[in-house]
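S.K.: What follows is upload25.cif, mmCIF, C-alpha atoms.
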```cif
data_run
loop_
_atom_site.label_atom_id
_atom_site.label_comp_id
_atom_site.auth_asym_id
_atom_site.auth_seq_id
_atom_site.Cartn_x
_atom_site.Cartn_y
_atom_site.Cartn_z
CA MET A 1384 0.00 0.00 0.00
CA GLU A 1385 1.15 3.51 -0.76
CA LYS A 1386 1.34 5.62 2.41
CA ILE A 1387 0.11 9.18 2.39
CA ASN A 1388 2.78 11.84 2.31
CA LYS A 1389 1.96 14.22 5.19
CA ASN A 1390 3.80 17.13 3.56
CA PHE A 1391 1.75 16.78 0.39
CA TYR A 1392 -1.43 16.64 2.49
CA ASN A 1393 -0.43 19.89 4.23
CA LEU A 1394 0.36 21.51 0.88
CA ILE A 1395 -3.08 20.55 -0.46
CA PHE A 1396 -4.76 21.95 2.63
CA LEU A 1397 -2.92 25.25 2.22
CA LEU A 1398 -3.78 25.40 -1.48
CA LEU A 1399 -7.45 24.90 -0.67
CA ILE A 1400 -7.41 27.99 1.52
CA PHE A 1401 -6.61 30.00 -1.60
CA PHE A 1402 -9.07 28.22 -3.86
CA SER A 1403 -12.85 28.42 -3.68
CA SER A 1404 -14.14 25.66 -1.45
CA ASN A 1405 -17.66 25.85 -2.86
CA VAL A 1406 -16.89 23.73 -5.92
CA GLU A 1407 -18.81 20.48 -5.87
CA SER A 1408 -16.52 17.46 -6.19
CA LYS A 1409 -17.05 15.49 -9.36
CA ILE A 1410 -16.47 11.80 -8.83
CA LEU A 1411 -15.66 9.73 -11.93
CA SER A 1412 -18.18 6.92 -12.05
CA ILE A 1413 -19.37 4.27 -14.45
CA GLY A 1414 -22.33 1.93 -14.27
CA ASP A 1415 -26.00 2.14 -13.31
CA PRO A 1416 -26.48 4.80 -10.57
CA ASN A 1417 -29.24 2.59 -9.11
CA SER A 1418 -27.02 -0.49 -8.81
CA LYS A 1419 -27.34 -2.55 -5.66
CA VAL A 1420 -23.56 -2.48 -5.20
CA VAL A 1421 -21.27 0.55 -5.28
CA VAL A 1422 -17.50 0.04 -5.42
CA LYS A 1423 -15.46 3.09 -4.40
CA VAL A 1424 -11.72 3.13 -5.03
CA PHE A 1425 -9.61 5.91 -3.53
CA SER A 1426 -6.40 5.98 -5.50
CA SER A 1427 -3.40 7.96 -6.64
CA LEU A 1428 -2.41 7.59 -10.29
CA THR A 1429 1.30 7.35 -9.34
CA CYS A 1430 0.68 4.54 -6.82
CA PRO A 1431 1.87 1.12 -8.14
CA HIS A 1432 -0.64 -0.74 -5.91
CA CYS A 1433 -3.47 1.33 -7.41
CA ALA A 1434 -2.29 0.40 -10.90
CA ASP A 1435 -2.20 -3.28 -9.86
CA PHE A 1436 -5.77 -3.09 -8.58
CA HIS A 1437 -7.06 -1.35 -11.69
CA ASN A 1438 -5.16 -3.58 -14.14
CA SER A 1439 -6.06 -6.87 -12.43
CA ILE A 1440 -9.66 -6.15 -11.38
CA PHE A 1441 -11.36 -3.28 -13.22
CA GLU A 1442 -11.79 -4.79 -16.73
CA ASN A 1443 -13.19 -8.04 -15.31
CA LEU A 1444 -15.46 -6.09 -12.99
CA LYS A 1445 -16.67 -3.96 -15.90
CA ARG A 1446 -17.43 -6.98 -18.09
CA ASP A 1447 -19.07 -9.13 -15.41
CA TYR A 1448 -20.94 -6.57 -13.29
CA ILE A 1449 -20.74 -2.91 -14.36
CA ASP A 1450 -21.87 -3.43 -17.97
CA LYS A 1451 -24.73 -5.64 -16.72
CA GLY A 1452 -26.05 -2.90 -14.42
CA MET A 1453 -25.20 -4.77 -11.23
CA VAL A 1454 -22.37 -2.57 -9.96
CA LYS A 1455 -21.59 1.14 -10.02
CA PHE A 1456 -17.85 1.88 -9.93
CA GLU A 1457 -16.45 5.15 -8.56
CA HIS A 1458 -12.87 6.31 -9.05
CA HIS A 1459 -12.07 8.76 -6.25
CA ALA A 1460 -9.02 10.92 -6.92
CA PHE A 1461 -6.58 10.79 -4.02
CA PRO A 1462 -3.36 12.22 -5.49
CA LEU A 1463 -0.26 11.70 -3.37
CA ASP A 1464 1.91 14.06 -5.42
CA LEU A 1465 1.82 16.70 -8.14
CA ALA A 1466 2.33 14.16 -10.95
CA ALA A 1467 -0.77 12.22 -9.81
CA LEU A 1468 -2.75 15.45 -9.55
CA ASN A 1469 -1.81 16.47 -13.09
CA ALA A 1470 -2.68 13.02 -14.44
CA GLU A 1471 -6.13 13.31 -12.80
CA ILE A 1472 -6.59 16.71 -14.44
CA ILE A 1473 -5.76 15.24 -17.87
CA VAL A 1474 -8.25 12.38 -17.33
CA ARG A 1475 -10.94 15.01 -16.72
CA CYS A 1476 -10.12 16.78 -20.01
CA HIS A 1477 -12.53 14.43 -21.77
CA ASN A 1478 -16.24 15.21 -21.81
CA ASP A 1479 -17.00 11.60 -22.76
CA ASN A 1480 -17.21 9.43 -19.63
CA ASP A 1481 -16.17 6.22 -21.45
CA LYS A 1482 -13.08 7.98 -22.79
CA LYS A 1483 -12.22 9.19 -19.29
CA PHE A 1484 -12.15 5.57 -18.15
CA LYS A 1485 -10.18 4.47 -21.22
CA LEU A 1486 -7.61 7.18 -20.46
CA LEU A 1487 -7.55 6.16 -16.79
CA GLU A 1488 -6.82 2.61 -17.90
CA LYS A 1489 -3.99 3.75 -20.22
CA ILE A 1490 -2.46 5.93 -17.51
CA TYR A 1491 -2.38 2.96 -15.14
CA GLU A 1492 -1.06 0.63 -17.88
CA LYS A 1493 1.82 2.98 -18.70
CA GLN A 1494 2.48 4.17 -15.16
CA LYS A 1495 6.07 2.88 -15.10
CA SER A 1496 6.94 4.99 -18.14
CA TRP A 1497 5.48 8.34 -17.07
CA ALA A 1498 5.48 8.39 -13.25
CA VAL A 1499 9.27 8.57 -12.97
CA GLY A 1500 11.79 11.25 -12.10
CA SER A 1501 11.29 14.65 -10.50
CA ASP A 1502 11.01 16.92 -13.56
CA ILE A 1503 7.31 17.78 -13.61
CA ASN A 1504 7.54 19.17 -17.16
CA LYS A 1505 8.85 15.84 -18.47
CA ILE A 1506 6.18 14.00 -16.48
CA ASN A 1507 3.45 16.29 -17.88
CA ASN A 1508 4.70 15.68 -21.43
CA SER A 1509 4.61 11.92 -20.84
CA ILE A 1510 1.05 12.16 -19.50
CA LYS A 1511 0.05 14.28 -22.50
CA ASN A 1512 1.52 11.65 -24.86
CA ILE A 1513 -0.86 9.13 -23.28
CA GLY A 1514 -3.76 11.60 -23.50
CA SER A 1515 -3.12 12.04 -27.22
CA LEU A 1516 -3.80 8.29 -27.68
CA ILE A 1517 -7.37 8.92 -26.48
CA ASP A 1518 -8.16 11.87 -28.78
CA LEU A 1519 -6.93 14.80 -26.68
CA THR A 1520 -4.98 17.62 -28.31
CA ASP A 1521 -1.89 19.19 -26.76
CA GLU A 1522 -3.67 22.56 -26.60
CA ASN A 1523 -6.68 20.99 -24.89
CA MET A 1524 -4.48 19.32 -22.26
CA GLU A 1525 -2.45 22.49 -21.63
CA ASN A 1526 -5.67 24.40 -21.02
CA CYS A 1527 -6.85 21.69 -18.62
CA LEU A 1528 -3.61 21.82 -16.64
CA LYS A 1529 -4.06 25.58 -16.22
CA ASN A 1530 -7.67 25.23 -15.05
CA GLU A 1531 -7.66 26.01 -11.32
CA LYS A 1532 -11.31 25.03 -10.94
CA VAL A 1533 -10.58 21.42 -11.95
CA GLN A 1534 -7.52 21.35 -9.71
CA ASP A 1535 -9.64 22.67 -6.85
CA GLU A 1536 -12.30 19.98 -7.43
CA ILE A 1537 -9.70 17.21 -7.23
CA LEU A 1538 -7.96 18.60 -4.16
CA ASN A 1539 -11.27 19.22 -2.44
CA GLN A 1540 -12.34 15.67 -3.23
CA ARG A 1541 -9.15 14.39 -1.60
CA ILE A 1542 -9.65 16.46 1.55
CA GLU A 1543 -13.29 15.36 1.86
CA ALA A 1544 -12.31 11.70 1.41
CA GLN A 1545 -9.64 12.05 4.09
CA LYS A 1546 -12.16 13.50 6.52
CA LYS A 1547 -15.01 11.10 5.79
CA TYR A 1548 -13.19 7.82 5.14
CA LYS A 1549 -9.93 8.29 7.10
CA ILE A 1550 -7.83 7.15 4.14
CA GLU A 1551 -4.42 5.92 5.34
CA SER A 1552 -3.05 4.38 2.15
CA THR A 1553 -3.89 3.90 -1.51
CA PRO A 1554 -5.73 2.16 -2.91
CA THR A 1555 -8.48 2.11 -0.28
CA ILE A 1556 -11.51 0.20 -1.54
CA PHE A 1557 -15.07 0.22 -0.25
CA ILE A 1558 -17.90 -2.08 -1.28
CA ASN A 1559 -21.21 -0.52 -0.19
CA GLU A 1560 -19.37 1.68 2.33
CA LYS A 1561 -17.59 -1.32 3.90
CA LYS A 1562 -13.80 -1.32 3.58
CA TYR A 1563 -12.41 -4.17 1.48
CA THR A 1564 -9.26 -5.62 3.03
CA GLY A 1565 -8.93 -8.81 1.01
CA LYS A 1566 -6.33 -9.75 -1.58
CA VAL A 1567 -5.97 -7.70 -4.75
CA ASN A 1568 -7.02 -10.40 -7.17
CA TYR A 1569 -10.26 -10.76 -9.05
CA LYS A 1570 -11.23 -14.13 -7.60
CA GLU A 1571 -11.17 -12.82 -4.02
CA PHE A 1572 -12.73 -9.50 -4.93
CA LYS A 1573 -15.54 -11.26 -6.78
CA LYS A 1574 -16.33 -13.34 -3.68
CA ALA A 1575 -16.70 -10.16 -1.60
CA LEU A 1576 -18.95 -8.63 -4.29
CA GLU A 1577 -21.18 -11.69 -4.60
CA LYS A 1578 -22.06 -11.44 -0.90
CA LYS A 1579 -23.62 -8.02 -1.57
CA LEU A 1580 -25.67 -9.00 -4.66
#
```
Could you render the structure from this file as structure tokens?

M.R.:
Amino acid sequence: MEKINKNFYNLIFLLLIFFSSNVESKILSIGDPNSKVVVKVFSSLTCPHCADFHNSIFENLKRDYIDKGMVKFEHHAFPLDLAALNAEIIVRCHNDNDKKFKLLEKIYEKQKSWAVGSDINKINNSIKNIGSLIDLTDENMENCLKNEKVQDEILNQRIEAQKKYKIESTPTIFINEKKYTGKVNYKEFKKALEKKL
């Protein structure tokens, strides 16, 4: 599990003082809003464990439950660093919800190639290269990265999640508001889901 960096948390809190706190958080979700089961995943896009969860579970979950209207899936942004925050901003550049999730998938798939080093400009360029695979233009992504409202939404979402769910590491997964602590493999996750259906 990826532990939360206290300094980054403090930085976010300070940034929020300067941003409007009235912006309603926009959670990325897919699936029937009236589903019996809601899976919430609090994750940072630079966290290897989050990538493992998404890569090993999400596509199966989508095929077997989400697409059949049985499960609603929520991706809750919980960035642990600036690179993760910028990647979340790029994901939100799309207006099309399906494309947001396709981009999320690509960002997790290619995490080892973009989430490296300390040069944020190089990292941003790597993220934008991935965004261009899912129909985003460089100009569009640059505008998104400069959009303080979107940044504020993501940071506010993180602060609210910290307060409400006491997130200590990423990913933190909830199935119908109950924390999932089982193994990160589809077989075990499926068993936990089936109990709720």

S.K.: Using only C-alpha atoms, which residue out of A:Lys1423, A:Lys1505, A:Arg1475, A:Lys1451 lies closest to A:Asn1530?

M.R.: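 Among the listed residues, the smallest separation from A:Asn1530 belongs to A:Arg1475.
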
S.K.: Record the distance separating atom CA of A:Ala1466 and atom CA of A:Ser1496, expressed in Å with one decimal.

M.R.: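 Straight-line distance from atom CA of A:Ala1466 to atom CA of A:Ser1496 works out to 12.5 Å.
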
S.K.: Enter the distance from atom CA of A:Lys1455 to atom CA of A:Asn1417, in Å, rounded to one decimal.

M.R.: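 A separation of 7.8 Å between them.
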
S.K.: With a distance cut-off of 6 Å and all atoms listed in the file, select the neighbouring residues of stretch 1467-1471 of chain A, excluding the residue or stretch itself and same-chain residues fewer than 4 positions from it, and output the selection as a tab-separated table (two decimals) with C-alpha atoms, keeping the file's coordinate frame.

M.R.:
```tsv
chain	number	residue	atom	x	y	z
A	1427	SER	CA	-3.40	7.96	-6.64
A	1428	LEU	CA	-2.41	7.59	-10.29
A	1429	THR	CA	1.30	7.35	-9.34
A	1462	PRO	CA	-3.36	12.22	-5.49
```

S.K.: Suppose you want the space between atom CA of A:Asp1502 and atom CA of A:Asn1523; what is it in Å?

M.R.: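 Result for atom CA of A:Asp1502 versus atom CA of A:Asn1523: 21.4 Å, one decimal.
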
S.K.: For A:Ile1517, which residue among A:Lys1495, A:Lys1570, A:Lys1483, A:Arg1541 is the nearest when counting all atoms listed in the file?

M.R.: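 For A:Ile1517, the nearest of the candidates is A:Lys1483.
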
S.K.: For a quick check of understanding, using all atoms listed in the file, which of A:Glu1536, A:Glu1531, A:Glu1457, A:Asp1450 has the smallest distance to A:Lys1409?

M.R.: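 Nearest candidate to A:Lys1409 out of A:Glu1536, A:Glu1531, A:Glu1457, A:Asp1450: A:Glu1536.
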
S.K.: Please write as a VMD selection string the full residue list that the PyMOL selection byres ((chain A and resi 1507) around 12) yields on this file.

M.R.: chain A and resid 1465 to 1473 1490 1496 to 1506 1508 to 1514 1521 1524 to 1525 1527 to 1528

S.K.: The PyMOL selection byres ((chain A and resi 1416) around 10) on the file shown: which residues, as a ChimeraX atom specification?

M.R.: /A:1412-1415,1417-1421,1452-1456

S.K.: Specify as a PyMOL selection string each residue included when the PyMOL selection byres ((chain A and resi 1554-1563) around 6) is applied to this file.

M.R.: chain A and resi 1420-1426+1433+1553+1564-1565

S.K.: Pick out the closest residue to A:Leu1516 from this set: A:Ile1542, A:Lys1532, A:Val1567, A:Lys1482. Count all atoms listed in the file.

M.R.: A:Lys1482

S.K.: Using the incomplete input, complete stretch 1437-1466 of chain A to the level of N, CA and C atoms; output as a tab-separated table (two decimals), in the frame of the given file.

M.R.:
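File selection.tsv, as written:
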```tsv
chain	number	residue	atom	x	y	z
A	1437	HIS	N	-6.29	-1.70	-10.50
A	1437	HIS	CA	-7.06	-1.35	-11.69
A	1437	HIS	C	-6.79	-2.35	-12.83
A	1438	ASN	N	-5.53	-2.69	-13.03
A	1438	ASN	CA	-5.16	-3.58	-14.14
A	1438	ASN	C	-5.64	-5.01	-13.93
A	1439	SER	N	-5.70	-5.46	-12.67
A	1439	SER	CA	-6.06	-6.87	-12.43
A	1439	SER	C	-7.55	-7.06	-12.15
A	1440	ILE	N	-8.26	-5.99	-11.78
A	1440	ILE	CA	-9.66	-6.15	-11.38
A	1440	ILE	C	-10.66	-5.38	-12.24
A	1441	PHE	N	-10.34	-4.15	-12.62
A	1441	PHE	CA	-11.36	-3.28	-13.22
A	1441	PHE	C	-12.01	-3.85	-14.48
A	1442	GLU	N	-11.21	-4.30	-15.46
A	1442	GLU	CA	-11.79	-4.79	-16.73
A	1442	GLU	C	-12.72	-5.98	-16.51
A	1443	ASN	N	-12.32	-6.90	-15.63
A	1443	ASN	CA	-13.19	-8.04	-15.31
A	1443	ASN	C	-14.47	-7.58	-14.63
A	1444	LEU	N	-14.32	-6.65	-13.71
A	1444	LEU	CA	-15.46	-6.09	-12.99
A	1444	LEU	C	-16.43	-5.40	-13.96
A	1445	LYS	N	-15.86	-4.67	-14.91
A	1445	LYS	CA	-16.67	-3.96	-15.90
A	1445	LYS	C	-17.47	-4.95	-16.74
A	1446	ARG	N	-16.79	-5.98	-17.23
A	1446	ARG	CA	-17.43	-6.98	-18.09
A	1446	ARG	C	-18.51	-7.76	-17.34
A	1447	ASP	N	-18.18	-8.21	-16.13
A	1447	ASP	CA	-19.07	-9.13	-15.41
A	1447	ASP	C	-20.19	-8.45	-14.62
A	1448	TYR	N	-19.96	-7.21	-14.18
A	1448	TYR	CA	-20.94	-6.57	-13.29
A	1448	TYR	C	-21.37	-5.16	-13.71
A	1449	ILE	N	-20.40	-4.31	-14.05
A	1449	ILE	CA	-20.74	-2.91	-14.36
A	1449	ILE	C	-21.60	-2.83	-15.62
A	1450	ASP	N	-21.15	-3.48	-16.69
A	1450	ASP	CA	-21.87	-3.43	-17.97
A	1450	ASP	C	-23.25	-4.10	-17.89
A	1451	LYS	N	-23.44	-4.95	-16.89
A	1451	LYS	CA	-24.73	-5.64	-16.72
A	1451	LYS	C	-25.64	-4.90	-15.75
A	1452	GLY	N	-25.21	-3.72	-15.29
A	1452	GLY	CA	-26.05	-2.90	-14.42
A	1452	GLY	C	-26.11	-3.35	-12.98
A	1453	MET	N	-25.18	-4.23	-12.59
A	1453	MET	CA	-25.20	-4.77	-11.23
A	1453	MET	C	-24.32	-3.98	-10.26
A	1454	VAL	N	-23.33	-3.29	-10.80
A	1454	VAL	CA	-22.37	-2.57	-9.96
A	1454	VAL	C	-22.11	-1.18	-10.54
A	1455	LYS	N	-22.05	-0.20	-9.66
A	1455	LYS	CA	-21.59	1.14	-10.02
A	1455	LYS	C	-20.16	1.26	-9.47
A	1456	PHE	N	-19.25	1.73	-10.32
A	1456	PHE	CA	-17.85	1.88	-9.93
A	1456	PHE	C	-17.49	3.35	-9.85
A	1457	GLU	N	-16.87	3.75	-8.74
A	1457	GLU	CA	-16.45	5.15	-8.56
A	1457	GLU	C	-14.93	5.22	-8.38
A	1458	HIS	N	-14.31	6.02	-9.21
A	1458	HIS	CA	-12.87	6.31	-9.05
A	1458	HIS	C	-12.76	7.63	-8.30
A	1459	HIS	N	-12.24	7.57	-7.08
A	1459	HIS	CA	-12.07	8.76	-6.25
A	1459	HIS	C	-10.61	9.19	-6.30
A	1460	ALA	N	-10.39	10.40	-6.81
A	1460	ALA	CA	-9.02	10.92	-6.92
A	1460	ALA	C	-8.45	11.15	-5.53
A	1461	PHE	N	-7.28	10.57	-5.28
A	1461	PHE	CA	-6.58	10.79	-4.02
A	1461	PHE	C	-5.10	10.96	-4.33
A	1462	PRO	N	-4.75	12.04	-5.05
A	1462	PRO	CA	-3.36	12.22	-5.49
A	1462	PRO	C	-2.39	12.37	-4.33
A	1463	LEU	N	-1.29	11.64	-4.41
A	1463	LEU	CA	-0.26	11.70	-3.37
A	1463	LEU	C	0.88	12.64	-3.74
A	1464	ASP	N	0.86	13.14	-4.97
A	1464	ASP	CA	1.91	14.06	-5.42
A	1464	ASP	C	1.40	14.86	-6.61
A	1465	LEU	N	2.22	15.81	-7.05
A	1465	LEU	CA	1.82	16.70	-8.14
A	1465	LEU	C	1.63	15.95	-9.46
A	1466	ALA	N	2.46	14.94	-9.71
A	1466	ALA	CA	2.33	14.16	-10.95
A	1466	ALA	C	0.96	13.47	-11.00
```
